[in-house]
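Below is protein.cif, which holds mmCIF, C-alpha atoms and all ligand atoms.
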data_model
loop_
_atom_site.label_atom_id
_atom_site.label_comp_id
_atom_site.auth_asym_id
_atom_site.auth_seq_id
_atom_site.Cartn_x
_atom_site.Cartn_y
_atom_site.Cartn_z
CA MET A 1 -119.11 96.89 -130.39
CA GLY A 2 -121.86 99.51 -130.23
CA LEU A 3 -122.09 101.37 -126.93
CA GLU A 4 -125.69 100.12 -126.43
CA SER A 5 -124.41 96.63 -125.69
CA LEU A 6 -121.78 97.83 -123.22
CA ARG A 7 -122.24 96.48 -119.67
CA ILE A 8 -120.36 96.90 -116.41
CA ASN A 9 -118.54 93.95 -114.81
CA GLY A 10 -120.83 92.76 -112.01
CA LEU A 11 -118.20 90.49 -110.47
CA ARG A 12 -115.64 93.29 -110.33
CA LEU A 13 -118.21 95.54 -108.65
CA LYS A 14 -118.99 92.80 -106.12
CA TYR A 15 -115.27 92.34 -105.42
CA ALA A 16 -114.77 96.09 -104.85
CA MET A 17 -117.80 96.18 -102.53
CA GLU A 18 -116.46 93.20 -100.58
CA GLU A 19 -112.98 94.74 -100.27
CA MET A 20 -114.43 98.02 -99.02
CA SER A 21 -116.72 96.16 -96.57
CA LYS A 22 -113.65 94.78 -94.81
CA ILE A 23 -112.84 98.31 -93.62
CA GLY A 24 -114.71 98.91 -90.38
CA ALA A 25 -116.37 95.48 -90.64
CA ILE A 26 -118.50 94.59 -87.61
CA ALA A 27 -119.73 91.27 -86.32
CA GLY A 28 -123.29 91.53 -87.63
CA GLY A 29 -122.19 91.79 -91.28
CA GLY A 30 -122.26 95.56 -91.57
CA VAL A 31 -119.66 98.30 -91.24
CA GLN A 32 -118.89 101.14 -88.87
CA ARG A 33 -116.99 103.92 -90.65
CA LEU A 34 -117.89 107.10 -88.84
CA SER A 35 -116.88 110.24 -90.63
CA LEU A 36 -113.22 111.30 -90.15
CA SER A 37 -112.44 108.18 -88.09
CA ASP A 38 -109.49 105.87 -88.77
CA GLU A 39 -111.86 103.63 -90.73
CA ASP A 40 -113.03 106.55 -92.87
CA LYS A 41 -109.36 107.34 -93.61
CA GLU A 42 -108.67 103.73 -94.61
CA ALA A 43 -111.71 103.68 -96.91
CA ARG A 44 -110.64 106.96 -98.51
CA ASP A 45 -107.09 105.67 -98.99
CA LEU A 46 -108.38 102.58 -100.81
CA PHE A 47 -110.68 104.74 -102.95
CA VAL A 48 -107.80 107.08 -103.87
CA HIS A 49 -105.61 104.04 -104.68
CA TRP A 50 -108.30 102.81 -107.08
CA LEU A 51 -108.60 106.27 -108.65
CA LYS A 52 -104.83 106.34 -109.20
CA GLU A 53 -104.99 102.98 -110.96
CA LEU A 54 -107.31 104.66 -113.47
CA ASN A 55 -104.90 107.61 -113.87
CA LEU A 56 -107.61 110.03 -112.88
CA ASP A 57 -106.80 113.62 -112.08
CA ILE A 58 -107.41 113.62 -108.28
CA THR A 59 -108.25 116.67 -106.17
CA ILE A 60 -109.15 116.96 -102.49
CA ASP A 61 -110.90 120.09 -101.32
CA GLU A 62 -110.76 121.93 -97.99
CA ILE A 63 -113.70 119.99 -96.56
CA GLY A 64 -112.24 116.64 -97.64
CA ASN A 65 -114.39 115.89 -100.68
CA VAL A 66 -112.36 113.69 -103.05
CA PHE A 67 -112.80 114.12 -106.82
CA GLY A 68 -111.35 112.08 -109.69
CA LYS A 69 -111.57 113.44 -113.23
CA ARG A 70 -111.33 111.58 -116.54
CA PRO A 71 -110.91 114.28 -119.19
CA GLY A 72 -113.27 114.31 -122.13
CA ARG A 73 -112.62 115.28 -125.74
CA TYR A 74 -113.78 118.82 -124.90
CA PRO A 75 -112.33 119.46 -121.41
CA ASP A 76 -113.78 122.97 -121.27
CA LEU A 77 -117.34 121.63 -121.27
CA PRO A 78 -118.90 121.16 -117.78
CA PRO A 79 -118.44 117.52 -116.69
CA VAL A 80 -120.86 114.75 -115.87
CA MET A 81 -120.46 113.80 -112.20
CA SER A 82 -121.38 110.81 -110.08
CA GLY A 83 -120.63 109.57 -106.58
CA SER A 84 -121.92 109.27 -103.05
CA HIS A 85 -120.28 108.65 -99.65
CA LEU A 86 -118.03 106.08 -97.94
CA ASP A 87 -118.83 107.04 -94.34
CA SER A 88 -121.46 105.00 -92.50
CA GLN A 89 -123.86 105.03 -89.60
CA PRO A 90 -122.77 103.48 -86.30
CA LYS A 91 -123.46 99.76 -86.82
CA GLY A 92 -124.44 100.64 -90.39
CA GLY A 93 -124.81 98.67 -93.59
CA ARG A 94 -122.32 97.86 -96.36
CA PHE A 95 -124.34 99.40 -99.18
CA ASP A 96 -125.54 102.83 -98.05
CA GLY A 97 -123.37 105.33 -99.94
CA THR A 98 -120.62 102.83 -100.77
CA LEU A 99 -122.63 101.34 -103.65
CA GLY A 100 -122.90 104.80 -105.21
CA VAL A 101 -119.17 105.45 -104.97
CA LEU A 102 -118.05 102.01 -106.12
CA GLY A 103 -120.86 101.78 -108.70
CA ALA A 104 -119.46 104.96 -110.26
CA LEU A 105 -115.92 103.53 -109.98
CA GLU A 106 -117.08 100.43 -111.86
CA VAL A 107 -118.57 102.68 -114.56
CA PHE A 108 -115.20 104.46 -114.90
CA ARG A 109 -113.36 101.12 -115.06
CA THR A 110 -115.71 99.87 -117.78
CA ILE A 111 -115.30 103.04 -119.82
CA GLU A 112 -111.51 102.96 -119.39
CA GLU A 113 -111.02 99.31 -120.35
CA ASN A 114 -113.09 99.88 -123.47
CA ASN A 115 -111.00 102.94 -124.41
CA ILE A 116 -114.10 105.08 -124.74
CA GLU A 117 -113.55 108.76 -125.36
CA THR A 118 -116.44 110.84 -124.03
CA ASN A 119 -117.19 114.36 -125.21
CA ARG A 120 -117.49 115.64 -121.66
CA THR A 121 -115.17 115.04 -118.74
CA LEU A 122 -116.41 112.47 -116.22
CA THR A 123 -115.95 113.18 -112.51
CA ILE A 124 -116.30 110.72 -109.63
CA VAL A 125 -116.74 112.03 -106.08
CA ASN A 126 -116.70 110.80 -102.48
CA TRP A 127 -118.50 113.44 -100.38
CA THR A 128 -117.32 114.07 -96.80
CA ASN A 129 -119.58 113.27 -93.85
CA GLU A 130 -122.84 112.44 -95.56
CA GLU A 131 -124.20 110.59 -92.55
CA GLY A 132 -123.80 113.45 -90.08
CA THR A 133 -123.94 111.08 -87.15
CA ARG A 134 -120.54 111.82 -85.57
CA PHE A 135 -120.48 115.46 -86.70
CA SER A 136 -123.91 116.88 -87.44
CA PRO A 137 -125.37 117.90 -89.79
CA VAL A 138 -125.83 115.38 -92.58
CA MET A 139 -124.37 116.03 -96.06
CA SER A 140 -121.80 118.52 -94.86
CA GLY A 141 -119.28 117.94 -97.67
CA SER A 142 -121.77 118.60 -100.44
CA GLY A 143 -123.46 121.34 -98.37
CA VAL A 144 -120.23 123.32 -98.12
CA TRP A 145 -119.41 122.62 -101.77
CA VAL A 146 -122.68 124.14 -103.04
CA GLY A 147 -122.46 127.06 -100.58
CA ALA A 148 -125.42 126.03 -98.41
CA LEU A 149 -123.19 125.55 -95.31
CA GLU A 150 -120.33 127.72 -94.08
CA LYS A 151 -116.97 125.95 -94.13
CA GLU A 152 -115.80 127.63 -90.89
CA TRP A 153 -119.03 126.72 -89.10
CA MET A 154 -118.57 123.09 -90.16
CA TYR A 155 -114.89 123.12 -89.12
CA ASN A 156 -115.95 124.06 -85.58
CA ARG A 157 -118.57 121.35 -85.13
CA THR A 158 -117.62 118.86 -82.43
CA ASP A 159 -118.29 115.19 -81.76
CA THR A 160 -119.48 113.86 -78.40
CA GLU A 161 -115.86 113.77 -77.16
CA GLY A 162 -115.42 117.46 -78.01
CA LYS A 163 -113.13 116.78 -80.99
CA ARG A 164 -113.38 119.46 -83.69
CA PHE A 165 -114.27 118.51 -87.25
CA VAL A 166 -111.30 120.37 -88.74
CA ASN A 167 -108.80 118.73 -86.40
CA GLU A 168 -110.09 115.29 -87.26
CA LEU A 169 -110.04 116.13 -90.97
CA ILE A 170 -106.38 117.18 -90.67
CA ARG A 171 -105.57 114.15 -88.49
CA ILE A 172 -106.73 111.71 -91.17
CA GLY A 173 -104.86 113.68 -93.85
CA TYR A 174 -107.85 114.78 -95.89
CA ARG A 175 -107.99 118.56 -95.54
CA GLY A 176 -107.10 119.36 -99.12
CA ASN A 177 -105.94 122.73 -100.38
CA VAL A 178 -108.47 123.18 -103.19
CA PRO A 179 -111.27 125.62 -102.22
CA SER A 180 -114.53 123.79 -101.57
CA ARG A 181 -116.62 125.68 -104.06
CA SER A 182 -118.86 124.18 -106.73
CA SER A 183 -117.77 124.49 -110.32
CA GLU A 184 -120.19 124.23 -113.21
CA ILE A 185 -121.36 120.69 -113.87
CA HIS A 186 -123.52 119.43 -116.71
CA SER A 187 -125.35 116.72 -114.79
CA TYR A 188 -125.04 114.72 -111.58
CA PHE A 189 -126.20 111.14 -111.05
CA GLU A 190 -126.19 109.44 -107.66
CA TYR A 191 -126.64 105.69 -107.46
CA HIS A 192 -127.95 104.43 -104.09
CA ILE A 193 -129.89 101.69 -102.40
CA GLU A 194 -133.55 102.58 -101.86
CA GLN A 195 -133.41 102.12 -98.04
CA GLY A 196 -137.18 101.48 -97.95
CA PRO A 197 -139.68 98.79 -98.92
CA ILE A 198 -141.28 100.18 -102.11
CA LEU A 199 -139.24 98.51 -104.87
CA GLU A 200 -139.26 95.08 -103.24
CA LYS A 201 -143.05 95.23 -102.72
CA ALA A 202 -143.64 96.39 -106.30
CA CYS A 203 -141.19 93.80 -107.74
CA LYS A 204 -139.30 96.55 -109.58
CA THR A 205 -135.54 96.71 -110.11
CA ILE A 206 -134.86 100.44 -110.50
CA GLY A 207 -136.34 103.25 -108.45
CA VAL A 208 -136.43 106.66 -110.10
CA PRO A 209 -137.08 109.33 -107.48
CA LYS A 210 -138.59 112.63 -108.60
CA GLY A 211 -137.04 114.29 -105.58
CA ILE A 212 -136.00 114.17 -101.94
CA VAL A 213 -138.07 115.22 -98.94
CA GLY A 214 -137.13 118.33 -96.97
CA ILE A 215 -135.28 117.83 -93.68
CA HIS A 216 -135.18 119.84 -90.47
CA CYS A 217 -132.82 118.95 -87.62
CA SER A 218 -132.71 120.47 -84.18
CA ASP A 219 -130.91 119.96 -80.90
CA ILE A 220 -132.76 120.29 -77.60
CA TYR A 221 -130.97 121.08 -74.33
CA ILE A 222 -132.83 120.78 -71.00
CA LYS A 223 -131.61 121.89 -67.60
CA GLY A 224 -132.98 120.38 -64.37
CA GLU A 225 -131.81 120.06 -60.80
CA THR A 226 -129.76 117.11 -59.68
CA ASN A 227 -130.10 115.44 -56.30
CA HIS A 228 -130.11 112.07 -54.55
CA VAL A 229 -132.95 109.79 -55.80
CA GLY A 230 -133.66 108.39 -52.32
CA PRO A 231 -134.16 111.23 -49.82
CA THR A 232 -135.49 113.75 -52.40
CA PRO A 233 -139.34 113.80 -52.36
CA MET A 234 -141.12 113.39 -55.71
CA GLU A 235 -142.82 116.71 -55.24
CA GLY A 236 -140.72 119.66 -56.34
CA ARG A 237 -138.26 117.69 -58.45
CA HIS A 238 -136.85 119.13 -61.68
CA ASN A 239 -136.00 115.95 -63.54
CA ALA A 240 -134.58 116.90 -66.96
CA LEU A 241 -134.93 113.35 -68.28
CA CYS A 242 -138.66 113.25 -67.48
CA ALA A 243 -139.09 116.57 -69.32
CA ALA A 244 -137.20 115.07 -72.28
CA ALA A 245 -139.39 111.94 -72.19
CA GLU A 246 -142.56 114.02 -72.47
CA MET A 247 -141.05 116.10 -75.29
CA ILE A 248 -139.89 113.04 -77.23
CA LEU A 249 -143.42 111.64 -77.18
CA LYS A 250 -144.65 114.94 -78.67
CA VAL A 251 -142.14 114.41 -81.51
CA ASP A 252 -143.47 110.89 -82.12
CA GLU A 253 -147.09 112.10 -82.11
CA LEU A 254 -146.42 115.08 -84.42
CA PRO A 255 -146.73 113.40 -87.88
CA ALA A 256 -150.22 112.02 -87.10
CA LYS A 257 -151.26 115.50 -85.95
CA MET A 258 -149.78 117.31 -88.99
CA GLY A 259 -150.90 114.93 -91.77
CA GLY A 260 -149.12 114.84 -95.14
CA ASN A 261 -146.16 112.51 -95.48
CA MET A 262 -144.26 113.79 -92.47
CA VAL A 263 -142.01 111.63 -90.30
CA ALA A 264 -140.38 112.82 -87.07
CA THR A 265 -137.79 111.10 -84.90
CA SER A 266 -135.69 111.61 -81.80
CA GLY A 267 -132.76 109.27 -82.35
CA GLU A 268 -129.97 110.51 -80.09
CA ILE A 269 -129.98 111.39 -76.40
CA HIS A 270 -127.35 112.31 -73.80
CA ASN A 271 -128.37 112.20 -70.17
CA ARG A 272 -126.19 113.53 -67.36
CA PRO A 273 -124.95 112.54 -64.89
CA ASN A 274 -126.47 109.26 -66.16
CA SER A 275 -126.42 107.56 -62.83
CA ARG A 276 -129.18 105.23 -61.63
CA ASN A 277 -129.34 106.91 -58.23
CA THR A 278 -129.00 110.61 -59.15
CA ILE A 279 -131.76 112.79 -60.60
CA PRO A 280 -130.74 113.86 -64.14
CA ASP A 281 -130.17 117.60 -64.57
CA ASP A 282 -128.73 117.90 -68.06
CA VAL A 283 -130.26 116.31 -71.16
CA HIS A 284 -129.56 116.84 -74.83
CA PHE A 285 -131.63 115.11 -77.50
CA THR A 286 -132.11 115.48 -81.25
CA ILE A 287 -135.09 115.88 -83.56
CA ASP A 288 -135.17 114.94 -87.25
CA MET A 289 -138.31 115.97 -89.17
CA ARG A 290 -138.89 115.21 -92.84
CA ALA A 291 -141.70 115.91 -95.30
CA TRP A 292 -142.17 116.72 -98.96
CA GLU A 293 -144.18 119.81 -97.95
CA ASP A 294 -141.71 122.34 -96.51
CA ASP A 295 -144.43 124.40 -94.77
CA LEU A 296 -145.59 121.29 -92.89
CA ILE A 297 -142.14 120.98 -91.36
CA GLN A 298 -142.13 124.64 -90.30
CA LYS A 299 -145.64 124.39 -88.79
CA GLY A 300 -144.64 121.17 -87.04
CA PHE A 301 -141.54 122.79 -85.58
CA GLU A 302 -143.58 125.75 -84.25
CA ASP A 303 -146.03 123.29 -82.69
CA LEU A 304 -143.20 121.40 -80.98
CA LYS A 305 -141.60 124.60 -79.68
CA ASN A 306 -144.92 125.56 -78.01
CA SER A 307 -145.37 122.14 -76.41
CA PHE A 308 -141.76 122.08 -75.21
CA GLU A 309 -142.11 125.48 -73.51
CA GLU A 310 -145.24 124.23 -71.70
CA ILE A 311 -143.47 121.07 -70.54
CA ALA A 312 -140.40 123.02 -69.49
CA GLN A 313 -142.50 125.43 -67.40
CA LYS A 314 -144.57 122.69 -65.82
CA ARG A 315 -141.45 120.79 -64.73
CA GLY A 316 -139.28 123.81 -63.92
CA CYS A 317 -136.70 122.62 -66.44
CA PRO A 318 -135.64 125.40 -68.82
CA VAL A 319 -135.26 124.30 -72.44
CA ARG A 320 -132.99 125.65 -75.20
CA ILE A 321 -133.87 124.79 -78.79
CA GLU A 322 -131.20 125.01 -81.47
CA GLU A 323 -132.06 124.66 -85.16
CA THR A 324 -129.14 122.78 -86.70
CA LEU A 325 -130.25 122.28 -90.27
CA SER A 326 -133.13 123.15 -92.56
CA VAL A 327 -133.01 121.96 -96.15
CA PRO A 328 -136.12 122.34 -98.34
CA HIS A 329 -137.32 119.41 -100.43
CA ALA A 330 -135.32 118.94 -103.62
CA GLU A 331 -136.76 118.25 -107.06
CA PHE A 332 -134.66 116.39 -109.58
CA ASP A 333 -134.29 117.50 -113.18
CA GLN A 334 -137.32 116.15 -115.05
CA LYS A 335 -135.35 115.41 -118.20
CA LEU A 336 -132.69 113.45 -116.33
CA VAL A 337 -135.39 111.61 -114.35
CA GLN A 338 -137.05 110.59 -117.63
CA ASN A 339 -133.64 109.51 -118.97
CA VAL A 340 -133.02 107.28 -115.96
CA PHE A 341 -136.45 105.70 -116.40
CA ARG A 342 -136.01 105.19 -120.15
CA VAL A 343 -132.49 103.77 -119.79
CA SER A 344 -133.74 101.31 -117.14
CA GLU A 345 -136.59 100.08 -119.30
CA ASN A 346 -134.34 99.86 -122.39
CA LEU A 347 -131.93 97.67 -120.44
CA GLY A 348 -134.85 95.44 -119.44
CA TYR A 349 -135.06 96.58 -115.81
CA PRO A 350 -138.58 97.54 -114.67
CA GLY A 351 -138.59 101.08 -113.26
CA GLN A 352 -140.69 102.74 -110.58
CA HIS A 353 -141.24 106.46 -110.02
CA MET A 354 -141.05 107.39 -106.35
CA LEU A 355 -139.83 109.87 -103.72
CA SER A 356 -136.75 109.60 -101.52
CA GLY A 357 -137.41 109.69 -97.77
CA ALA A 358 -133.68 109.45 -97.06
CA VAL A 359 -131.63 112.55 -97.79
CA HIS A 360 -128.67 112.45 -100.17
CA ASP A 361 -125.89 114.71 -101.43
CA ALA A 362 -127.80 114.79 -104.72
CA GLY A 363 -130.35 117.03 -102.96
CA TYR A 364 -127.80 119.79 -102.46
CA ILE A 365 -126.51 119.34 -106.01
CA THR A 366 -129.97 120.26 -107.35
CA GLN A 367 -129.23 123.78 -106.03
CA ILE A 368 -126.48 124.23 -108.64
CA ALA A 369 -127.01 121.68 -111.44
CA PRO A 370 -129.44 119.17 -112.98
CA ALA A 371 -129.38 115.99 -110.89
CA ALA A 372 -131.10 112.61 -110.66
CA MET A 373 -130.79 109.39 -108.68
CA ILE A 374 -130.95 105.68 -109.40
CA PHE A 375 -132.27 103.36 -106.66
CA VAL A 376 -132.04 99.58 -106.32
CA PRO A 377 -134.10 97.48 -103.87
CA SER A 378 -133.20 97.06 -100.21
CA ILE A 379 -134.02 93.56 -98.97
CA GLY A 380 -136.81 93.79 -96.41
CA GLY A 381 -136.68 97.58 -96.75
CA ARG A 382 -133.95 97.61 -94.05
CA SER A 383 -131.21 100.25 -93.95
CA HIS A 384 -128.91 101.95 -91.39
CA VAL A 385 -128.65 98.46 -89.89
CA GLU A 386 -125.98 95.76 -90.08
CA ILE A 387 -128.20 93.41 -92.08
CA GLU A 388 -128.80 96.02 -94.82
CA ASP A 389 -128.64 94.03 -98.06
CA THR A 390 -129.20 94.21 -101.82
CA THR A 391 -128.73 91.35 -104.29
CA TRP A 392 -125.61 91.46 -106.46
CA THR A 393 -127.88 91.16 -109.50
CA ASP A 394 -129.64 94.36 -108.52
CA CYS A 395 -126.31 96.07 -107.74
CA GLU A 396 -125.18 95.20 -111.26
CA ALA A 397 -128.45 96.42 -112.79
CA GLY A 398 -128.19 99.83 -111.10
CA ALA A 399 -124.57 100.25 -112.20
CA ASN A 400 -125.56 99.46 -115.79
CA VAL A 401 -128.23 102.16 -115.61
CA LEU A 402 -125.64 104.58 -114.23
CA LEU A 403 -123.22 103.65 -117.02
CA HIS A 404 -125.69 104.43 -119.78
CA CYS A 405 -127.06 107.58 -118.13
CA MET A 406 -123.50 108.92 -117.79
CA LEU A 407 -122.52 107.96 -121.33
CA GLN A 408 -125.64 109.61 -122.69
CA SER A 409 -125.08 112.86 -120.79
CA ALA A 410 -121.36 112.86 -121.57
CA SER A 411 -122.08 112.69 -125.28
CA VAL A 412 -124.30 115.81 -125.26
CA LEU A 413 -122.54 118.87 -126.67
O1 LIG B 501 -130.22 110.64 -92.86
C1 LIG B 501 -130.25 110.24 -94.02
O2 LIG B 501 -131.28 110.13 -94.69
C2 LIG B 501 -128.98 109.83 -94.69
O3 LIG B 501 -128.86 108.47 -94.62
N1 LIG B 501 -127.86 110.46 -94.20
MN MN B 502 -126.49 107.27 -98.11
MN MN B 503 -127.33 106.79 -94.60
#
Using C-alpha cells, write down the structure from this file.
Amino acid sequence: MGLESLRINGLRLKYAMEEMSKIGAIAGGGVQRLSLSDEDKEARDLFVHWLKELNLDITIDEIGNVFGKRPGRYPDLPPVMSGSHLDSQPKGGRFDGTLGVLGALEVFRTIEENNIETNRTLTIVNWTNEEGTRFSPVMSGSGVWVGALEKEWMYNRTDTEGKRFVNELIRIGYRGNVPSRSSEIHSYFEYHIEQGPILEKACKTIGVPKGIVGIHCSDIYIKGETNHVGPTPMEGRHNALCAAAEMILKVDELPAKMGGNMVATSGEIHNRPNSRNTIPDDVHFTIDMRAWEDDLIQKGFEDLKNSFEEIAQKRGCPVRIEETLSVPHAEFDQKLVQNVFRVSENLGYPGQHMLSGAVHDAGYITQIAPAAMIFVPSIGGRSHVEIEDTTWTDCEAGANVLLHCMLQSASVL
C-alpha cells in the first residue's frame, strides 16, 4: 500500500476522545479538567498509559510537559513534533486541546500498526497548563520550554486558594526531572478545533491559520474603604466594586476606539468582602487583550492605564496594575502552512486560510522552530463552553491532514 492512501482510524479516534471525555465529565456534556487538578492527573495518566502501549520513549520535564518519542531511521535528525493540551476551562468543552493530543496519538497508532519507518523521529506532546485559568498565564508549559517564561516564576504562581503551582505539580506526580528546555525540532504541527464561526460559515473542512494574534494579560487590584451599606451616606464612599465596574466598561469599549481587529475582555473578578450589605473595599479583575497588530495592544493598554488612574482618583480608590503576560503575534512557517493547505486539498477536504484568535502552544513554538496548525470546524462557533462540538467526520478529516503533514515532514532529510 502506498503511503498516499494511508488513513487514520476515525472510530478509534472517536473512542479515545470519548474515553478521555469521561475524565472530569460535567452534566452539560463538557469537561472540567483544571490544570494540575486530580482530573488533570487522571487525564495525564491515561495519556501516558496509551503512550506506553505504543512503546514510546516517554519523558516528563520539570514543568510537567509529557513527551513521547518514536525513533526514526536517523535519530540524530531533529524530530517532527505534534500535540496540544489535556487541561480545560472551567465548564469547558471536550475538544479544545484534547483533539490535538489524541489526534496526534491516532496518527502515531496508525503509523505503528502499519510498521512505517520514518526518517525523522516523531514526538507527541501534552503541554502543561495551556488554559491558564487556574494558574495564569496561559501556555505556561510551552512558554517555559521555549524560554519565554521563567520556570521559578511559574512555580510560584498561585491559584485562588493560594496553592502554589509547583506544589500542585508535585502533588499530582508530574514534576519530571528532565530540564524544561527546548531541543531542536524540525517542524511542529498542532491540530485544534477552530473555536470560532469562520469554517462553518464558509462550508470548509480545514482551517489553515497563517498565524496567531498577540495577547496581553493584566491583573487589576483596587482598594476602597469598607463600611455598612445602610448608615453610610452615598457621598464620600470609596466603593472598589463601582470603580471596577467603570474600568471594566472601558475595557469593553476599547476595541471600537482602537480599530483594527482588537478584542478586549474582563473575564474574572474577585470582590471582597463580597457581602450584600457591606461596601466592597478590595477588588481584583483581569484583562485579556488580543490583536494581530502588536502596537495596537500596547496603545490600548496605555489608554486603559490613563482611564483607570482617572477613575481611581475620582472615586478615591487606588489602583495597582500588573502586567502578567505579553506575547506578540506569531506567524507560522509559510512553507508548512502551504503544505497543510495542499495536503487538505489533496485529501479532498476544502481548506480555508485564516487567522487564529485563540492562542495556542504553537505560537510559542514559532519562536524556536517552523510551526503550523490545522483547524476543524466548531459547531455554531462555540468554544470554552460545555456544548462545544465538532462532527466526528471533521475530527477524522483533521487527523488525516495531520498524518500526511507529519509523514511528509518526517521524510525530509
Ligand atoms: O485563551 C485561549 O485562547 C486559549 O484557549 N487558552
Ligand atoms: Mn486549546
Ligand atoms: Mn482553550
Hey, which bits of stretch 227-318 of chain A sit within 12 Å of stretch 118-138 of chain A, and for each residue what's the closest pair of atoms and how far apart in Å (one decimal), counting only C-alpha atoms, rows by chain and increasing number, as a tab-separated table?
residue	atom	partner	partner_atom	distance
A:Gly267	CA	A:Thr133	CA	10.2
A:Glu268	CA	A:Thr133	CA	9.3
A:Thr286	CA	A:Ser136	CA	10.4
A:Ile287	CA	A:Pro137	CA	11.7
A:Asp288	CA	A:Pro137	CA	10.5
Distance in Å - atom CA of A:Lys299 versus atom CA of A:Val146:
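Computing the Euclidean distance for atom CA of A:Lys299 and atom CA of A:Val146 yields 27.0 Å.
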As a ChimeraX atom specification, please: the residues near A:Thr232 (cut-off 10 Å, all atoms listed in the file, same-chain neighbours under 5 positions excluded).
/A:226-227,237,278-279
Sorted by chain and rising residue number, list the residues of chain A at most 10 Å from ligand LIG 501 (chain B) (counting only C-alpha atoms and all ligand atoms), each with its closest atom pair and distance in Å to one decimal, as CSV.
residue,atom,partner,partner_atom,distance
A:His85,CA,B:LIG501,N1,9.5
A:Asp87,CA,B:LIG501,N1,9.7
A:Ser88,CA,B:LIG501,O3,8.4
A:Gln89,CA,B:LIG501,O3,7.9
A:Gly92,CA,B:LIG501,O3,9.9
A:Asp96,CA,B:LIG501,O3,7.4
A:Gly97,CA,B:LIG501,O3,8.3
A:Asn129,CA,B:LIG501,N1,8.8
A:Glu130,CA,B:LIG501,N1,5.6
A:Glu131,CA,B:LIG501,N1,4.0
A:Gly132,CA,B:LIG501,N1,6.5
A:Thr133,CA,B:LIG501,N1,8.1
A:Pro137,CA,B:LIG501,N1,9.0
A:Val138,CA,B:LIG501,N1,5.6
A:Met139,CA,B:LIG501,N1,6.8
A:Gln195,CA,B:LIG501,O3,8.5
A:Ile212,CA,B:LIG501,O2,9.5
A:Val213,CA,B:LIG501,O2,9.5
A:Ile215,CA,B:LIG501,O2,8.7
A:Asp288,CA,B:LIG501,O1,8.6
A:Arg290,CA,B:LIG501,O2,9.3
A:Ser356,CA,B:LIG501,O2,8.8
A:Gly357,CA,B:LIG501,O2,6.9
A:Ala358,CA,B:LIG501,O2,3.4
A:Val359,CA,B:LIG501,O2,3.9
A:His360,CA,B:LIG501,C2,6.1
A:Asp361,CA,B:LIG501,N1,8.6
A:Ser383,CA,B:LIG501,O3,8.6
A:His384,CA,B:LIG501,O3,7.3
Within 10 Å of A:Leu402, counting all atoms listed in the file, which residues show up once you throw out same-chain ones fewer than 3 positions away? Write them as a PDB file with C-alpha atoms, keeping the file's coordinate frame, please.
ATOM      1  CA  ILE A   8    -120.360  96.900-116.410  1.00  0.00           C
ATOM      2  CA  SER A  82    -121.380 110.810-110.080  1.00  0.00           C
ATOM      3  CA  GLY A 100    -122.900 104.800-105.210  1.00  0.00           C
ATOM      4  CA  GLY A 103    -120.860 101.780-108.700  1.00  0.00           C
ATOM      5  CA  ALA A 104    -119.460 104.960-110.260  1.00  0.00           C
ATOM      6  CA  GLU A 106    -117.080 100.430-111.860  1.00  0.00           C
ATOM      7  CA  VAL A 107    -118.570 102.680-114.560  1.00  0.00           C
ATOM      8  CA  PHE A 189    -126.200 111.140-111.050  1.00  0.00           C
ATOM      9  CA  GLU A 190    -126.190 109.440-107.660  1.00  0.00           C
ATOM     10  CA  TYR A 191    -126.640 105.690-107.460  1.00  0.00           C
ATOM     11  CA  VAL A 340    -133.020 107.280-115.960  1.00  0.00           C
ATOM     12  CA  VAL A 343    -132.490 103.770-119.790  1.00  0.00           C
ATOM     13  CA  SER A 344    -133.740 101.310-117.140  1.00  0.00           C
ATOM     14  CA  MET A 373    -130.790 109.390-108.680  1.00  0.00           C
ATOM     15  CA  ILE A 374    -130.950 105.680-109.400  1.00  0.00           C
ATOM     16  CA  GLU A 396    -125.180  95.200-111.260  1.00  0.00           C
ATOM     17  CA  ALA A 397    -128.450  96.420-112.790  1.00  0.00           C
ATOM     18  CA  GLY A 398    -128.190  99.830-111.100  1.00  0.00           C
ATOM     19  CA  ALA A 399    -124.570 100.250-112.200  1.00  0.00           C
ATOM     20  CA  CYS A 405    -127.060 107.580-118.130  1.00  0.00           C
ATOM     21  CA  MET A 406    -123.500 108.920-117.790  1.00  0.00           C
ATOM     22  CA  LEU A 407    -122.520 107.960-121.330  1.00  0.00           C
ATOM     23  CA  GLN A 408    -125.640 109.610-122.690  1.00  0.00           C
TER      24      GLN A 408
END
Show me the residues close to (-119.2, 97.5, -122.5) - anything with an atom within 12 Å, counting only C-alpha atoms - and format the list as a PyMOL selection string.
chain A and resi 1-10+106-116+399-400+403-404+407
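With distances taken over only C-alpha atoms and all ligand atoms, A:Val31 is the one residue among A:Leu325, A:Ala243, A:Val31, A:Ile248 lying closest to ligand MN 503 (chain B).
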